[in-house]
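Working notes, beginning with the structure itself.
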Amino acid sequence: MSADVADAGLLIDMAWLYLKLSFLCIGGTIPLIPDMHRFFVESRGLMTTQQFASYVALAQAAPGPNILYVALLGHHVGGITGALTTLGAISVGPFVLVSLAARVFSRLAANPWRETVLAGLAPVTVGLMLAGCLLLLRGVADTWAALLFGAALAAFLLFPRLNPLVVLAVAAIVGSVSGL
Amino acid sequence: MAESPKPCTPGKREMMLGFLEVGISAFGGALPWLRRVVVERRAWLDEREFTEVLTICQAIPGPNVVNCAVFLGTRWHGSLGGALAFVSLLAAPLCVVLALVTAHQALGDVPAVRHGVNGLAIAATAYLTAMTLRMARPFARNTRAWALCAVAVALSLGAEWSMGWVLLSCGIVGVYAARRRWL
């Protein structure tokens with residue numbers, strides 16, 4: 001993988017971004033998508049929104065926690081080194097906090113403030129996630145047909161009994177055949 | 001379900017194999033697989049303990065499944081256990097995903113593949129949207145919560161605030177409102 005001086009600077013910027021975000025990813029990494037999108041697409045021009053969305057999609061179609069799209073974004077910029085950089089950096093915050101929590105387990109479980117804080121943050125987290133979805137949607141669904149297709153799929157996926165993998169597979173086939 | 005045997009602490013090797021299994025079999029959301037392996041198949045935790053661990057890990061920043069694995073690893077075998085849990089959960093799926101993306105790069109110019117991946121991307125975005133809306137269910141009938149949600153969207157997309165500021169400003173309002181039982 002190419003790792004000349006310019007790339008090293010980029011890797012450090014990327015590591016710093018994810019290190020900061022790693023302490024903020026309440027409710028998973030999806031609420032961070034607007035910030036990641038700003039870095040990779042808007043301010044650095046490292047990829048298009050379409051590419052960004054396709055990495056999210058590939059990680060979702062593969063086994064394992066969906067967080068792996070973070071590694072793919074890093075891979076796009078710096079190969080294997082980039083993948084390990086972003087995945088490592090995004091894990092620092094959770095790792096430290098979880099290690100602490102595992103040691104003060106009983107006190108955390110009993111804290112009456114927990115429910116209040118979670119209830120207060122939920123609408124904000126959902127708002128940030130929606131912002132991320134809208135950003136991605138703008139990139140991948142550039143025709144009315146595609147937009148309608150996406151809305152129909154979302155409606156389908158609201159039923160939790162449906163295996164999301166089946167929907168992903170069908171969408172890939174429909175896309176491939178119809179030339180979306 | 002058969003009567004659950006008394007939960008027992010796994011050794012390091014056993015634990016790593018368990019999380020490896022979760023990592024490679026977890027298609028479309030890893031949480032159900034974590035429960036299946038940790039509670040049902042290997043009986044390292046009972047249902048109640050699993051729910052407790054999950055509740056705590058959901059309150060901590062980070063992906064829930066990874067948090068749970070690190071949490072359990074740390075509780076069983078200290079910091080080394082946490083690190084081992086992390087690596088054994090993520091190493092195999094990371095390799096799969098990197099292989100997929102390499103194949104995608106090689107075949108990206110084939111129109112059928114390109115359109116297929118685009119269809120996949122639309123579906124993935126739709127999936128995220130559906131997941132987000134499902135998360136909103138607890139406050140679905142609360143207008144004030146939706147207003148706060150809309151403000152968060154506007155600050156993030158319209159004003160281009162970074163996530164930390166949105167979380168801090170709207171979060172303070174949200175926690176205050178929840179305290180006053182407005183949410």
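Letters for chains follow the order of the structure tokens (A, B, ...), residue numbers begin at 1 for each chain, and ligand numbers begin at 1 in the order shown.
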Could you please select, counting only C-alpha atoms, the residues of chain B within 6 Å of chain A and state them as a ChimeraX atom specification?
-> /B:23-24,26-27,30,61-63,71,75,93,112,115-116,119-124,126-127,129-130,145,149,152-153,162,171,174-175,178
Would you mind telling me which residue in A:Met47, A:Met14, A:Val104, A:Leu19 lies nearest to Gly74 of chain A when using only C-alpha atoms?
->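 Closest to Gly74 of chain A, using only C-alpha atoms: A:Met14.
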If you count only C-alpha atoms, which residues fall within 12 Å of Gly81 of chain B, apart from same-chain ones fewer than 3 positions away, as a PyMOL selection string?
-> (chain A and resi 95+99+102) or (chain B and resi 10-16+19+69-78+84-88)
Looking only at the backbone, which of the residues in chain B does DSSP tag as alpha helix (DSSP H), as number ranges by chain?
-> B: 12-25, 31-35, 47-59, 64-107, 111-135, 143-153, 163-179
